[in-house]
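As provided, target-v4.tsv (TSV, C-alpha atoms and all ligand atoms) reads as follows.
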```
chain	number	residue	atom	x	y	z
A	4	MET	CA	50.38	103.40	121.84
A	5	VAL	CA	50.69	107.20	121.97
A	6	PRO	CA	50.28	108.48	125.55
A	7	LEU	CA	48.80	111.88	126.33
A	8	LEU	CA	51.94	112.49	128.39
A	9	ASP	CA	54.94	110.33	129.29
A	10	LEU	CA	57.18	111.78	132.00
A	11	THR	CA	59.57	108.82	131.96
A	12	ARG	CA	61.01	109.81	128.57
A	13	GLN	CA	62.25	113.12	130.03
A	14	PHE	CA	63.68	111.41	133.08
A	15	GLU	CA	65.48	108.80	131.00
A	16	ALA	CA	67.00	111.41	128.69
A	17	HIS	CA	68.67	113.16	131.66
A	18	ALA	CA	68.74	110.37	134.25
A	19	ASP	CA	72.38	110.83	135.27
A	20	GLU	CA	71.92	114.53	135.97
A	21	PHE	CA	68.68	114.03	137.92
A	22	ASN	CA	70.06	111.10	139.93
A	23	GLN	CA	73.22	112.98	140.83
A	24	ALA	CA	71.28	116.05	141.98
A	25	ALA	CA	68.84	113.97	144.00
A	26	LEU	CA	71.63	112.02	145.71
A	27	GLN	CA	73.44	115.25	146.49
A	28	VAL	CA	70.35	116.64	148.22
A	29	LEU	CA	69.85	113.40	150.16
A	30	ALA	CA	73.47	113.43	151.30
A	31	SER	CA	73.37	117.12	152.25
A	32	GLY	CA	70.99	116.63	155.18
A	33	ALA	CA	69.20	119.91	154.25
A	34	TYR	CA	65.78	119.08	152.83
A	35	ILE	CA	63.53	122.11	153.10
A	36	LEU	CA	64.37	125.62	151.79
A	37	GLY	CA	68.15	126.17	152.11
A	38	SER	CA	70.75	126.72	149.41
A	39	HIS	CA	69.15	124.60	146.66
A	40	VAL	CA	65.97	126.65	146.99
A	41	ASP	CA	67.92	129.95	147.12
A	42	ASP	CA	69.77	128.98	143.95
A	43	PHE	CA	66.60	127.97	142.13
A	44	GLU	CA	64.82	131.17	143.16
A	45	ALA	CA	67.70	133.30	141.87
A	46	GLN	CA	67.81	131.38	138.60
A	47	ALA	CA	64.03	131.60	138.16
A	48	ALA	CA	63.96	135.35	138.87
A	49	ARG	CA	66.73	135.93	136.32
A	50	SER	CA	64.98	133.84	133.72
A	51	LEU	CA	61.63	135.62	134.22
A	52	GLY	CA	63.23	139.06	134.40
A	53	VAL	CA	61.67	139.84	137.80
A	54	ARG	CA	63.26	141.10	141.02
A	55	HIS	CA	61.89	138.37	143.28
A	56	ALA	CA	60.98	134.69	143.01
A	57	ILE	CA	59.72	132.89	146.11
A	58	GLY	CA	59.47	129.10	146.16
A	59	VAL	CA	56.38	127.62	147.82
A	60	ALA	CA	54.83	124.18	148.24
A	61	ASN	CA	52.52	124.20	145.18
A	62	GLY	CA	50.74	126.43	142.67
A	63	THR	CA	47.54	126.73	144.67
A	64	ASP	CA	49.48	128.07	147.67
A	65	ALA	CA	51.36	130.44	145.35
A	66	LEU	CA	48.03	131.93	144.22
A	67	GLN	CA	46.57	132.08	147.71
A	68	ILE	CA	49.64	133.58	149.38
A	69	ALA	CA	49.85	136.16	146.58
A	70	LEU	CA	46.20	137.14	147.10
A	71	GLN	CA	46.87	137.55	150.81
A	72	CYS	CA	49.97	139.68	150.09
A	73	LEU	CA	47.81	141.87	147.86
A	74	GLY	CA	45.47	142.42	150.79
A	75	ILE	CA	42.48	140.65	149.21
A	76	GLY	CA	39.93	139.45	151.78
A	77	PRO	CA	36.29	139.45	152.90
A	78	GLY	CA	34.07	141.90	151.03
A	79	ASP	CA	36.39	142.03	148.01
A	80	GLU	CA	35.60	140.79	144.51
A	81	VAL	CA	38.18	139.20	142.24
A	82	ILE	CA	37.43	138.73	138.55
A	83	THR	CA	38.66	135.57	136.87
A	84	THR	CA	37.88	133.03	134.17
A	85	PRO	CA	35.38	130.19	134.59
A	86	PHE	CA	37.47	128.05	132.21
A	87	SER	CA	40.47	127.00	134.31
A	88	PHE	CA	41.56	124.50	136.90
A	89	PHE	CA	39.52	124.87	140.09
A	90	SER	CA	42.40	126.37	142.14
A	91	THR	CA	42.14	129.69	140.31
A	92	ALA	CA	38.74	130.38	141.89
A	93	GLU	CA	39.21	128.30	145.03
A	94	VAL	CA	41.94	130.58	146.38
A	95	ILE	CA	39.68	133.63	146.02
A	96	SER	CA	37.11	131.91	148.23
A	97	ARG	CA	39.86	130.72	150.60
A	98	VAL	CA	40.94	134.26	151.43
A	99	GLY	CA	37.29	135.17	152.04
A	100	ALA	CA	36.72	137.17	148.85
A	101	THR	CA	34.15	136.47	146.12
A	102	PRO	CA	35.07	135.06	142.71
A	103	ILE	CA	33.37	136.97	139.91
A	104	PHE	CA	33.56	135.22	136.58
A	105	ALA	CA	33.92	136.78	133.13
A	106	ASP	CA	33.55	134.93	129.83
A	107	ILE	CA	36.45	133.84	127.62
A	108	GLU	CA	37.62	134.36	124.04
A	109	PRO	CA	36.52	131.49	121.77
A	110	ASP	CA	39.91	131.12	120.03
A	111	THR	CA	42.50	131.45	122.83
A	112	PHE	CA	40.23	130.13	125.66
A	113	ASN	CA	41.56	133.00	127.78
A	114	ILE	CA	39.55	135.60	129.71
A	115	ASP	CA	37.83	138.20	127.53
A	116	VAL	CA	38.72	141.80	128.32
A	117	ALA	CA	35.32	143.29	127.41
A	118	SER	CA	33.66	140.75	129.69
A	119	ILE	CA	36.05	141.68	132.54
A	120	GLU	CA	35.16	145.34	132.08
A	121	SER	CA	31.43	144.57	132.34
A	122	LYS	CA	31.98	142.86	135.73
A	123	ILE	CA	33.89	145.65	137.48
A	124	THR	CA	32.10	147.07	140.56
A	125	PRO	CA	33.26	149.30	143.43
A	126	ARG	CA	34.14	146.07	145.32
A	127	THR	CA	36.45	144.73	142.60
A	128	LYS	CA	40.02	144.58	143.87
A	129	ALA	CA	41.89	142.31	141.48
A	130	ILE	CA	41.89	140.36	138.23
A	131	ILE	CA	43.38	136.86	137.88
A	132	PRO	CA	44.05	136.13	134.21
A	133	VAL	CA	45.14	132.56	133.44
A	134	HIS	CA	47.55	131.89	130.55
A	135	LEU	CA	45.57	128.77	129.76
A	136	PHE	CA	47.22	125.85	127.94
A	137	GLY	CA	50.35	128.03	127.58
A	138	HIS	CA	48.76	130.80	125.48
A	139	PRO	CA	49.37	134.28	126.95
A	140	ALA	CA	46.27	136.13	128.12
A	141	ALA	CA	45.69	139.61	126.62
A	142	MET	CA	48.00	141.28	129.13
A	143	PRO	CA	48.42	144.74	127.53
A	144	GLU	CA	44.64	145.23	127.59
A	145	ILE	CA	44.19	143.61	131.03
A	146	VAL	CA	46.98	145.66	132.62
A	147	GLY	CA	45.57	148.81	130.97
A	148	LEU	CA	42.07	148.11	132.30
A	149	ALA	CA	43.45	147.35	135.77
A	150	ARG	CA	45.36	150.61	135.83
A	151	GLU	CA	42.30	152.55	134.75
A	152	HIS	CA	40.22	151.06	137.61
A	153	ASN	CA	43.01	150.82	140.19
A	154	LEU	CA	42.93	147.00	140.35
A	155	GLN	CA	45.70	144.54	141.07
A	156	VAL	CA	46.65	141.84	138.57
A	157	LEU	CA	47.72	138.37	139.72
A	158	GLU	CA	48.80	136.18	136.81
A	159	ASP	CA	48.02	132.46	137.04
A	160	THR	CA	51.04	131.25	135.10
A	161	ALA	CA	50.70	127.60	136.18
A	162	GLN	CA	50.56	126.40	132.56
A	163	ALA	CA	52.83	128.91	130.88
A	164	TRP	CA	56.48	128.85	131.92
A	165	GLY	CA	58.33	130.44	129.00
A	166	ALA	CA	55.30	131.99	127.28
A	167	SER	CA	55.67	135.62	126.28
A	168	LEU	CA	53.96	138.42	124.41
A	169	GLU	CA	54.65	141.85	123.08
A	170	MET	CA	54.16	144.63	125.63
A	171	ASN	CA	54.93	148.21	124.55
A	172	GLY	CA	56.75	146.91	121.50
A	173	ALA	CA	59.09	144.51	123.33
A	174	PRO	CA	58.70	140.83	124.19
A	175	ALA	CA	57.76	140.26	127.85
A	176	ARG	CA	57.51	137.06	129.84
A	177	CYS	CA	54.21	135.81	131.22
A	178	GLY	CA	54.58	135.93	134.98
A	179	SER	CA	56.41	139.29	134.94
A	180	LEU	CA	53.49	141.52	133.97
A	181	GLY	CA	51.11	141.76	136.93
A	182	GLN	CA	51.76	142.94	140.51
A	183	MET	CA	52.36	139.25	141.25
A	184	SER	CA	52.29	135.92	139.49
A	185	ALA	CA	51.93	132.29	140.54
A	186	PHE	CA	53.53	129.22	138.99
A	187	SER	CA	52.85	125.54	139.58
A	188	PHE	CA	55.51	122.90	139.01
A	189	TYR	CA	53.10	119.99	139.43
A	190	PRO	CA	54.85	117.17	137.54
A	191	THR	CA	52.62	117.37	134.44
A	192	LYS	CA	53.12	121.13	133.88
A	193	ASN	CA	55.44	122.24	131.10
A	194	LEU	CA	58.04	122.94	133.80
A	195	GLY	CA	57.40	120.17	136.32
A	196	ALA	CA	59.07	118.94	139.51
A	197	CYS	CA	59.03	115.34	140.82
A	198	GLY	CA	56.38	116.22	143.39
A	199	ASP	CA	54.45	119.32	144.39
A	200	ALA	CA	56.17	122.69	143.98
A	201	GLY	CA	55.21	126.29	143.22
A	202	LEU	CA	56.62	129.81	142.86
A	203	ILE	CA	55.52	133.39	143.39
A	204	ALA	CA	57.12	136.14	141.30
A	205	THR	CA	56.97	139.90	141.74
A	206	ASN	CA	58.93	143.09	141.12
A	207	ASP	CA	57.65	144.66	144.33
A	208	ASP	CA	60.06	144.44	147.29
A	209	ALA	CA	57.37	144.76	149.97
A	210	LEU	CA	55.11	142.11	148.38
A	211	ALA	CA	58.09	139.75	148.10
A	212	GLU	CA	58.98	140.24	151.73
A	213	SER	CA	55.39	139.56	152.72
A	214	ALA	CA	55.29	136.35	150.62
A	215	ARG	CA	58.54	135.14	152.19
A	216	ALA	CA	57.05	135.59	155.65
A	217	LEU	CA	53.68	134.04	154.82
A	218	ARG	CA	55.23	130.83	153.46
A	219	VAL	CA	56.79	130.20	156.91
A	220	HIS	CA	53.81	130.80	159.21
A	221	GLY	CA	53.87	134.59	158.89
A	222	SER	CA	57.28	134.74	160.51
A	223	ARG	CA	60.09	137.15	159.65
A	224	ARG	CA	62.24	136.08	162.58
A	225	ARG	CA	62.10	132.44	163.67
A	226	TYR	CA	59.49	131.80	166.40
A	227	TYR	CA	58.17	135.38	166.19
A	228	HIS	CA	54.90	135.75	164.25
A	229	GLU	CA	53.30	138.94	162.97
A	230	GLU	CA	50.47	137.36	161.00
A	231	ILE	CA	48.70	134.07	160.32
A	232	GLY	CA	50.57	132.39	157.49
A	233	TYR	CA	51.08	129.01	155.90
A	234	ASN	CA	53.33	126.00	156.02
A	235	SER	CA	54.24	126.32	152.35
A	236	ARG	CA	57.95	125.78	151.93
A	237	LEU	CA	59.67	124.42	148.84
A	238	ASP	CA	61.68	121.20	149.22
A	239	ALA	CA	65.38	121.16	148.33
A	240	LEU	CA	64.84	118.05	146.20
A	241	GLN	CA	62.24	119.81	144.04
A	242	ALA	CA	64.41	122.92	143.75
A	243	ALA	CA	67.44	120.86	142.67
A	244	ILE	CA	65.41	119.05	139.98
A	245	LEU	CA	63.83	122.32	138.82
A	246	SER	CA	67.24	124.02	138.59
A	247	ILE	CA	68.34	121.35	136.13
A	248	LYS	CA	65.12	121.57	134.16
A	249	LEU	CA	65.38	125.38	133.92
A	250	GLY	CA	68.37	124.84	131.68
A	251	TYR	CA	66.32	122.76	129.26
A	252	VAL	CA	62.84	124.22	129.39
A	253	ASP	CA	63.26	126.74	126.55
A	254	GLY	CA	64.37	123.93	124.26
A	255	TRP	CA	61.47	121.77	125.45
A	256	ASN	CA	59.03	124.60	124.74
A	257	ASN	CA	60.52	124.90	121.25
A	258	GLN	CA	59.92	121.18	120.75
A	259	ARG	CA	56.31	121.62	121.85
A	260	ARG	CA	55.96	124.44	119.30
A	261	GLU	CA	57.42	122.20	116.59
A	262	HIS	CA	54.92	119.46	117.48
A	263	ALA	CA	52.08	122.00	117.33
A	264	ARG	CA	53.25	123.10	113.89
A	265	LEU	CA	53.19	119.49	112.68
A	266	TYR	CA	49.73	118.86	114.15
A	267	ASN	CA	48.50	122.10	112.50
A	268	GLU	CA	49.90	121.04	109.15
A	269	LEU	CA	48.54	117.48	109.28
A	270	LEU	CA	45.12	118.54	110.57
A	271	SER	CA	44.69	121.63	108.39
A	272	ALA	CA	42.01	119.96	106.24
A	273	SER	CA	40.23	118.33	109.20
A	274	PRO	CA	36.84	119.49	110.52
A	275	PHE	CA	38.35	120.32	113.89
A	276	VAL	CA	39.10	123.82	115.13
A	277	LEU	CA	42.85	123.98	115.80
A	278	PRO	CA	44.58	126.04	118.52
A	279	CYS	CA	45.36	129.63	117.65
A	280	GLU	CA	48.45	131.67	118.41
A	281	ARG	CA	47.72	135.39	118.44
A	282	ALA	CA	50.11	137.66	116.57
A	283	GLY	CA	52.79	138.97	118.93
A	284	THR	CA	52.46	136.05	121.37
A	285	ARG	CA	54.60	133.00	122.01
A	286	HIS	CA	52.38	130.03	122.91
A	287	VAL	CA	54.22	127.24	124.76
A	288	TYR	CA	51.57	124.54	124.16
A	289	HIS	CA	51.33	123.18	127.66
A	290	GLN	CA	48.34	121.56	125.94
A	291	TYR	CA	47.48	121.19	122.26
A	292	THR	CA	43.72	121.55	122.44
A	293	ILE	CA	41.31	121.22	119.53
A	294	ARG	CA	37.57	121.81	119.38
A	295	VAL	CA	35.36	118.96	118.28
A	296	ARG	CA	31.96	120.20	117.27
A	297	GLN	CA	28.97	119.63	119.51
A	298	GLY	CA	28.24	116.03	120.42
A	299	ARG	CA	31.10	114.41	118.49
A	300	ARG	CA	33.75	114.54	121.19
A	301	GLU	CA	32.95	111.26	122.92
A	302	GLU	CA	33.12	109.42	119.63
A	303	VAL	CA	36.42	111.04	118.64
A	304	SER	CA	38.06	110.31	121.99
A	305	ARG	CA	36.77	106.71	121.80
A	306	ARG	CA	38.28	106.29	118.32
A	307	LEU	CA	41.60	107.60	119.63
A	308	ARG	CA	41.44	105.31	122.66
A	309	GLU	CA	40.73	102.28	120.44
A	310	ALA	CA	43.85	103.17	118.45
A	311	GLY	CA	45.89	103.33	121.69
A	312	ILE	CA	46.06	107.13	121.69
A	313	GLY	CA	45.54	109.21	124.82
A	314	SER	CA	43.42	112.36	124.96
A	315	ALA	CA	41.80	114.37	127.75
A	316	VAL	CA	39.17	117.01	128.40
A	317	PHE	CA	40.51	120.10	130.19
A	318	TYR	CA	37.94	121.06	131.52
A	319	PRO	CA	34.53	119.36	131.34
A	320	MET	CA	32.74	121.68	133.83
A	321	PRO	CA	33.07	125.47	134.02
A	322	LEU	CA	33.81	126.92	137.45
A	323	HIS	CA	30.60	129.01	137.65
A	324	LEU	CA	28.50	125.82	137.42
A	325	GLN	CA	30.45	123.82	140.01
A	326	GLU	CA	28.34	122.40	142.83
A	327	VAL	CA	30.35	124.27	145.47
A	328	TYR	CA	29.60	127.63	143.79
A	329	LYS	CA	25.80	127.18	143.64
A	330	ASN	CA	25.57	129.90	146.28
A	331	LEU	CA	27.09	132.43	143.87
A	332	GLY	CA	23.88	132.23	141.84
A	333	TYR	CA	25.27	131.63	138.36
A	334	GLN	CA	23.24	129.70	135.79
A	335	GLU	CA	23.82	127.77	132.64
A	336	GLY	CA	23.95	130.27	129.79
A	337	ASP	CA	25.74	132.96	131.82
A	338	PHE	CA	29.05	132.33	130.03
A	339	PRO	CA	28.17	130.72	126.70
A	340	VAL	CA	31.72	130.76	125.30
A	341	ALA	CA	33.21	129.00	128.33
A	342	GLU	CA	30.32	126.54	128.40
A	343	SER	CA	30.74	125.63	124.73
A	344	ALA	CA	34.50	125.20	125.30
A	345	CYS	CA	33.70	122.71	128.08
A	346	ARG	CA	31.54	120.72	125.65
A	347	GLU	CA	33.98	120.82	122.72
A	348	VAL	CA	37.63	120.82	123.83
A	349	LEU	CA	39.87	117.82	123.44
A	350	SER	CA	43.58	117.87	124.32
A	351	LEU	CA	45.88	115.65	122.25
A	352	PRO	CA	49.21	114.04	123.18
A	353	MET	CA	51.74	116.83	123.79
A	354	PHE	CA	55.13	116.68	125.47
A	355	PRO	CA	58.63	117.56	124.24
A	356	GLU	CA	59.74	113.95	123.71
A	357	LEU	CA	56.74	113.11	121.50
A	358	LYS	CA	57.93	111.76	118.14
A	359	PRO	CA	56.83	113.02	114.72
A	360	ASP	CA	55.57	109.56	113.73
A	361	GLU	CA	53.41	109.51	116.86
A	362	ILE	CA	51.88	112.84	115.84
A	363	GLU	CA	51.28	111.36	112.39
A	364	GLN	CA	49.45	108.41	113.99
A	365	VAL	CA	47.23	110.76	115.99
A	366	ALA	CA	46.47	112.85	112.90
A	367	ARG	CA	45.66	109.74	110.85
A	368	VAL	CA	43.04	108.57	113.34
A	369	LEU	CA	41.57	112.07	113.66
A	370	LYS	CA	41.26	112.41	109.88
A	371	SER	CA	39.46	109.06	109.70
A	372	CYS	CA	36.90	110.51	112.14
A	373	GLN	CA	35.60	113.09	109.63
A	374	ALA	CA	32.20	112.41	108.02
B	1	LIG	C1	47.91	123.28	138.08
B	1	LIG	C2	47.20	124.58	138.16
B	1	LIG	C3	47.03	125.25	139.38
B	1	LIG	C4	47.38	124.65	140.71
B	1	LIG	O1	48.66	124.22	140.88
B	1	LIG	P1	49.03	123.07	141.96
B	1	LIG	O2	50.50	123.05	141.95
B	1	LIG	O3	48.41	121.81	141.47
B	1	LIG	O4	48.46	123.49	143.26
B	1	LIG	C5	46.44	126.49	139.35
B	1	LIG	N1	46.01	127.05	138.21
B	1	LIG	C6	46.12	126.43	137.03
B	1	LIG	C7	45.64	127.10	135.80
B	1	LIG	C8	46.70	125.16	136.97
B	1	LIG	O5	46.80	124.55	135.78
```

Could you quickly redo this structure as structure tokens?
Ligand SMILES: *Cc1c(COP(=O)(O)O)cnc(C)c1O
Amino acid sequence: MVPLLDLTRQFEAHADEFNQAALQVLASGAYILGSHVDDFEAQAARSLGVRHAIGVANGTDALQIALQCLGIGPGDEVITTPFSFFSTAEVISRVGATPIFADIEPDTFNIDVASIESKITPRTKAIIPVHLFGHPAAMPEIVGLAREHNLQVLEDTAQAWGASLEMNGAPARCGSLGQMSAFSFYPTKNLGACGDAGLIATNDDALAESARALRVHGSRRRYYHEEIGYNSRLDALQAAILSIKLGYVDGWNNQRREHARLYNELLSASPFVLPCERAGTRHVYHQYTIRVRQGRREEVSRRLREAGIGSAVFYPMPLHLQEVYKNLGYQEGDFPVAESACREVLSLPMFPELKPDEIEQVARVLKSCQA
């Protein structure tokens, strides 16, 4: 049996540390925000190289609160990718703006800059690039385009803690490059809590202050409210667990990269299209996602399943064709690259504690699928 993901291996490897931290929070009597959250925020900001990190209840709230801080609302258009988890578009609708989709690059699965440019109108206010599967989006080009058209950039960094790319000749962390960024620490993410958790990052003092107020019902002083906000506070327990994991996550990302290298080597002669890593970027392989040509995917995933190997399709349905977005008027064929990705992608087992012989088993089954 090779699971797609096994969170228990990570817990077991550090059980004493996690148990101790959890018991300490339980004994402290302080369960929401407080010093554990302050400490985690400071640690996260330092690690990302940003001035402010604001803990919130989950990644979806992080995106939505950030959009509200950026002043996005009714009448505004926000350009994003149709090949992402639903939240990325959902939050645009939630603040009353309109999601405008742009197609993706076939190799990185990330939003395509030329397609973004073709969608800009006088109503466009922001771009939400997603660093999908842990591969950095084309930030130098996206930030350049945004500057040219006076647009805001909100990075959806939910799948890319630790990813980086070259900006102006120096390495820069994903999540430090737009006006704001949003992280999710949903347990299956490459930096995951033991429940729901999220984070907003920014270098802008005023935006940070606004996010801090919005997460507590739009309040800057307790029981005094200047705007309609959210109940989106981070729990001390999640912050304490995340603080421990922050010390390990770079090593875990390196292990993911090692696993990707082994998959690449073992599958180099296979008929599958393997993940790419653009020059100048550091992919953190939140997912290791291959393409299985047209119509073969079901068979390949069945063969893996029969061999006791997990796999998954992220994502089977592009956002522009979702039932709830019928009213936006998109049709099949509007974003052919995203639509073909939805038909062809297959994510293989990937987590730091995966063993080389497990990767060999996966590769063996995949190679027997050829023909
Ligand atoms: C997980 C995820 C989110 C949402 O995060 P939650 O913590 O589940 O709310 C948003 N965007 C992307 C790309 C994600 O993968």

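Here the question is which of A:Glu44, A:Glu229, A:Asp337, A:Glu144 gets nearest to Ile203 (chain A) using all atoms listed in the file, and that residue is A:Glu44.
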
Exercise for the section: List all protein, DNA and RNA residues that have an atom no more than 6 Å from any atom of ligand LIG 1 (chain B), counting all atoms listed in the file, and report them as a list of chain:residue names. Expected result: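 So, counting all atoms listed in the file, the residues near ligand LIG 1 (chain B) are A:Asn61, A:Gly62, A:Thr63, A:Ser87, A:Phe88, A:Ser90, A:Thr91, A:Val133, A:Asp159, A:Ala161, A:Gln162, A:Ser187, A:Phe188, A:Tyr189, A:Asp199, A:Gly201.
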
Write the selection just made, keeping C-alpha atoms, as a short mmCIF file (atom, residue, chain, number, x, y, z; two decimals), keeping the file's coordinate frame?
```
data_model
loop_
_atom_site.label_atom_id
_atom_site.label_comp_id
_atom_site.auth_asym_id
_atom_site.auth_seq_id
_atom_site.Cartn_x
_atom_site.Cartn_y
_atom_site.Cartn_z
CA ASN A 61 52.52 124.20 145.18
CA GLY A 62 50.74 126.43 142.67
CA THR A 63 47.54 126.73 144.67
CA SER A 87 40.47 127.00 134.31
CA PHE A 88 41.56 124.50 136.90
CA SER A 90 42.40 126.37 142.14
CA THR A 91 42.14 129.69 140.31
CA VAL A 133 45.14 132.56 133.44
CA ASP A 159 48.02 132.46 137.04
CA ALA A 161 50.70 127.60 136.18
CA GLN A 162 50.56 126.40 132.56
CA SER A 187 52.85 125.54 139.58
CA PHE A 188 55.51 122.90 139.01
CA TYR A 189 53.10 119.99 139.43
CA ASP A 199 54.45 119.32 144.39
CA GLY A 201 55.21 126.29 143.22
#
```

Problem - Near-Ala149 (chain A) list (8 Å; all atoms listed in the file; drop same-chain fewer than 6 positions) as a PyMOL selection string - result: chain A and resi 129-130+155-156

Handout entry: Using only C-alpha atoms: which of A:Asn267, A:Thr284, A:Thr127, A:Ser246 has the shortest distance to Glu363 (chain A)
Key =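 Counting only C-alpha atoms, the residue closest to Glu363 (chain A) is A:Asn267.
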
Handout entry: Given all atoms listed in the file as the counted atoms, nearest of A:Val368, A:Ala185, A:Met353, A:Leu135 to Leu269 (chain A)
Key =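 Under the stated criterion, the closest residue is A:Val368.
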
Exercise for the section: Could you please determine the separation between CA of Val348 (chain A) and CA of Ala310 (chain A) in Å, to one decimal place? Expected result: 19.5 Å

Please provide the set of residues having any atom within 9 Å of Ala366 (chain A), restricted to only C-alpha atoms, with same-chain residues fewer than 3 positions apart removed, written as a PDB file with C-alpha atoms, keeping the file's coordinate frame.
```
ATOM      1  CA  TYR A 266      49.730 118.860 114.150  1.00  0.00           C
ATOM      2  CA  LEU A 269      48.540 117.480 109.280  1.00  0.00           C
ATOM      3  CA  LEU A 270      45.120 118.540 110.570  1.00  0.00           C
ATOM      4  CA  GLU A 361      53.410 109.510 116.860  1.00  0.00           C
ATOM      5  CA  ILE A 362      51.880 112.840 115.840  1.00  0.00           C
ATOM      6  CA  GLU A 363      51.280 111.360 112.390  1.00  0.00           C
ATOM      7  CA  LEU A 369      41.570 112.070 113.660  1.00  0.00           C
ATOM      8  CA  LYS A 370      41.260 112.410 109.880  1.00  0.00           C
ATOM      9  CA  SER A 371      39.460 109.060 109.700  1.00  0.00           C
TER      10      SER A 371
END
```

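Proximity of A:Leu277, A:Ala56, A:Ala45, A:Val303 to Ala211 (chain A), computed with all atoms listed in the file, is greatest for A:Ala56.
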
Problem - Close residues, region 23-37 of chain A itself excluded, 6 Å, only C-alpha atoms, min 2 positions apart in chain, as a ChimeraX atom specification - result: /A:20-21,39-40,237-239

Problem - Within 10 Å of Arg296 (chain A) using all atoms listed in the file, minus same-chain residues under 2 positions, as a PyMOL selection string - result: chain A and resi 274-276+293-294+298-300+343-344+346-348

Problem - Point-to-point distance from CA of Gly78 (chain A) to CA of Ile131 (chain A), Å rounded to tenths - result: 16.9 Å

From the structure just shown, export region 319-331 of chain A with N, CA and C atoms as an mmCIF file, in the first residue's frame.
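Saved file out30.cif follows:
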```
data_model
loop_
_atom_site.group_PDB
_atom_site.id
_atom_site.type_symbol
_atom_site.label_atom_id
_atom_site.label_comp_id
_atom_site.auth_asym_id
_atom_site.auth_seq_id
_atom_site.Cartn_x
_atom_site.Cartn_y
_atom_site.Cartn_z
ATOM 1 N N PRO A 319 -10.899 18.033 -11.410
ATOM 2 C CA PRO A 319 -11.600 17.443 -12.558
ATOM 3 C C PRO A 319 -12.443 18.446 -13.348
ATOM 4 N N MET A 320 -12.815 19.579 -12.728
ATOM 5 C CA MET A 320 -13.740 20.514 -13.386
ATOM 6 C C MET A 320 -13.211 21.936 -13.264
ATOM 7 N N PRO A 321 -12.971 22.611 -14.409
ATOM 8 C CA PRO A 321 -12.448 23.984 -14.314
ATOM 9 C C PRO A 321 -13.501 24.923 -13.723
ATOM 10 N N LEU A 322 -13.025 26.015 -13.118
ATOM 11 C CA LEU A 322 -13.946 26.898 -12.393
ATOM 12 C C LEU A 322 -14.935 27.600 -13.324
ATOM 13 N N HIS A 323 -14.525 27.901 -14.570
ATOM 14 C CA HIS A 323 -15.443 28.627 -15.467
ATOM 15 C C HIS A 323 -16.618 27.765 -15.905
ATOM 16 N N LEU A 324 -16.526 26.442 -15.737
ATOM 17 C CA LEU A 324 -17.627 25.555 -16.137
ATOM 18 C C LEU A 324 -18.408 25.024 -14.934
ATOM 19 N N GLN A 325 -18.123 25.543 -13.741
ATOM 20 C CA GLN A 325 -18.868 25.112 -12.559
ATOM 21 C C GLN A 325 -20.313 25.581 -12.667
ATOM 22 N N GLU A 326 -21.200 24.728 -12.212
ATOM 23 C CA GLU A 326 -22.642 25.011 -12.200
ATOM 24 C C GLU A 326 -22.948 26.426 -11.662
ATOM 25 N N VAL A 327 -22.321 26.750 -10.533
ATOM 26 C CA VAL A 327 -22.647 28.012 -9.864
ATOM 27 C C VAL A 327 -22.234 29.228 -10.709
ATOM 28 N N TYR A 328 -21.321 29.048 -11.657
ATOM 29 C CA TYR A 328 -20.858 30.167 -12.480
ATOM 30 C C TYR A 328 -21.475 30.195 -13.872
ATOM 31 N N LYS A 329 -22.554 29.422 -14.070
ATOM 32 C CA LYS A 329 -23.287 29.445 -15.346
ATOM 33 C C LYS A 329 -23.629 30.873 -15.762
ATOM 34 N N ASN A 330 -24.006 31.676 -14.739
ATOM 35 C CA ASN A 330 -24.435 33.050 -15.027
ATOM 36 C C ASN A 330 -23.314 33.918 -15.606
ATOM 37 N N LEU A 331 -22.060 33.484 -15.465
ATOM 38 C CA LEU A 331 -20.955 34.280 -16.006
ATOM 39 C C LEU A 331 -20.845 34.117 -17.525
#
```
